Amino acid sequence: MIILKTKEELELMYLSAQLVSKTLGMLAKEIKPGVTTNHLDKLGGEFIRDHGGYPAFLGMYDFPKNLCISPNEQVVHGIPNDIPLEDGDIVSVDCGVYMNEFYGDHAYTFAVGNIDEETEKLLRVTKESLYKGIEQMRKGNRIGDIGYAIQQHCEAEGYGIVKELVGHGLGREMHEDPQVPNYGRRGTGKKLENGIVLAIEPMVNMGTDKVKFHKDGWTVTTRDNKYSAHYEHDVCLVEGEPKLLSTFGYIYEALGIESDEEKPYLFK
């Protein structure tokens, strides 16, 4: 069952999502060659608690860490460890916060040092696809319209769209209805209504769309060990139009990036 949110509930969800965004912005300054993902995990967990939230992933389904941090060929659900990041790596940081009885859930793929043009293009196209999906989150459209837009944009560049993992509804639970695949057919799936909140999160592989689930119960990698990118926003439908509860603004500020990509979708 899809749970539509009131204006007051969206205000509380905005605060939860913004704390996730601020956490990722803080971490953006720390991601560099030689840093371990365990170090990033510790910093993220402390930051969330210091700002009145709880790291939502810690203990969820028995996950052992504060954040899911997934370098290179890891698609999602990477468990932080003591292996240092290297120049040329990419690393996806997926962060969840529980605060004010609501969840925020938000991800960004960072370049570590200097990355090559091929990898840079993967990140760019994946992030573009996120906004292609968000643009379709309008009253009267359906879930399939979101997935179709994401899939078409990425597959046109020869990339693989992960099928086994999807986005989701968000609210008082981390994973609510409906599921939000990053592929699909236009005009299919649940109809979008005002008050719906979705975590839209393209997971896009440089090569094959096939993935491997590891024996640790969490780590998911590409089957061909090529790089994978992952971006995620929390989006609500207000007066028929998509509005962002989360933001990449804190990341861009930390990295000195200028962007107006979020301007059409500002919640406030």
# chains A, B, ... in the order shown; residues from 1 in each chain; ligands from 1
>>> residues_around(residues="Leu10 of chain A", least_positions_apart="2", cutoff="9 Å", atoms="only C-alpha atoms", output="MDAnalysis selection string")
chainID A and resid 5:8 12:15 171 195 197 236 245
>>> select_by_dssp(residues="segment 144-262 of chain A", states="helix (DSSP H, G or I)", output="ChimeraX atom specification")
/A:144-155,249-255
>>> residues_around(residues="Thr188 of chain A", least_positions_apart="2", cutoff="7 Å", atoms="only C-alpha atoms", output="list in words")
Arg142, Ile143, Gly144, Arg185, Arg186 and Lys190 of chain A
>>> write_last_selection(atoms="N, CA and C atoms", output="PDB file, in the first residue's frame")
ATOM      1  N   ARG A 142       3.076   7.382 -14.299  1.00  0.00           N
ATOM      2  CA  ARG A 142       3.158   6.122 -13.565  1.00  0.00           C
ATOM      3  C   ARG A 142       4.608   5.753 -13.291  1.00  0.00           C
ATOM      4  N   ILE A 143       4.784   4.792 -12.405  1.00  0.00           N
ATOM      5  CA  ILE A 143       6.125   4.358 -12.021  1.00  0.00           C
ATOM      6  C   ILE A 143       6.941   3.952 -13.253  1.00  0.00           C
ATOM      7  N   GLY A 144       6.295   3.287 -14.204  1.00  0.00           N
ATOM      8  CA  GLY A 144       7.003   2.851 -15.401  1.00  0.00           C
ATOM      9  C   GLY A 144       7.588   3.995 -16.209  1.00  0.00           C
ATOM     10  N   ARG A 185       8.324   0.212 -18.849  1.00  0.00           N
ATOM     11  CA  ARG A 185       7.560   0.669 -20.005  1.00  0.00           C
ATOM     12  C   ARG A 185       6.704   1.867 -19.610  1.00  0.00           C
ATOM     13  N   ARG A 186       6.624   2.819 -20.501  1.00  0.00           N
ATOM     14  CA  ARG A 186       5.801   3.995 -20.239  1.00  0.00           C
ATOM     15  C   ARG A 186       4.334   3.596 -20.031  1.00  0.00           C
ATOM     16  N   LYS A 190       2.137   1.720 -10.871  1.00  0.00           N
ATOM     17  CA  LYS A 190       1.271   2.531 -10.015  1.00  0.00           C
ATOM     18  C   LYS A 190       1.212   3.977 -10.506  1.00  0.00           C
TER      19      LYS A 190
END
>>> residues_around(residues="Gly240 of chain A", least_positions_apart="4", cutoff="10 Å", atoms="only C-alpha atoms", output="list of chain:residue names")
A:Met137, A:Arg138, A:Lys139, A:Gly140, A:Asn141, A:Leu192, A:Glu193, A:Asn194, A:Gly195, A:Cys236
>>> closest_residue(among="A:Asp260, A:Glu201, A:Glu164, A:Glu253", to="Ile146 of chain A", atoms="only C-alpha atoms")
A:Glu201
>>> closest_residue(among="A:Asp145, A:Lys127, A:Lys132, A:Glu101", to="Glu9 of chain A", atoms="only C-alpha atoms")
A:Glu101
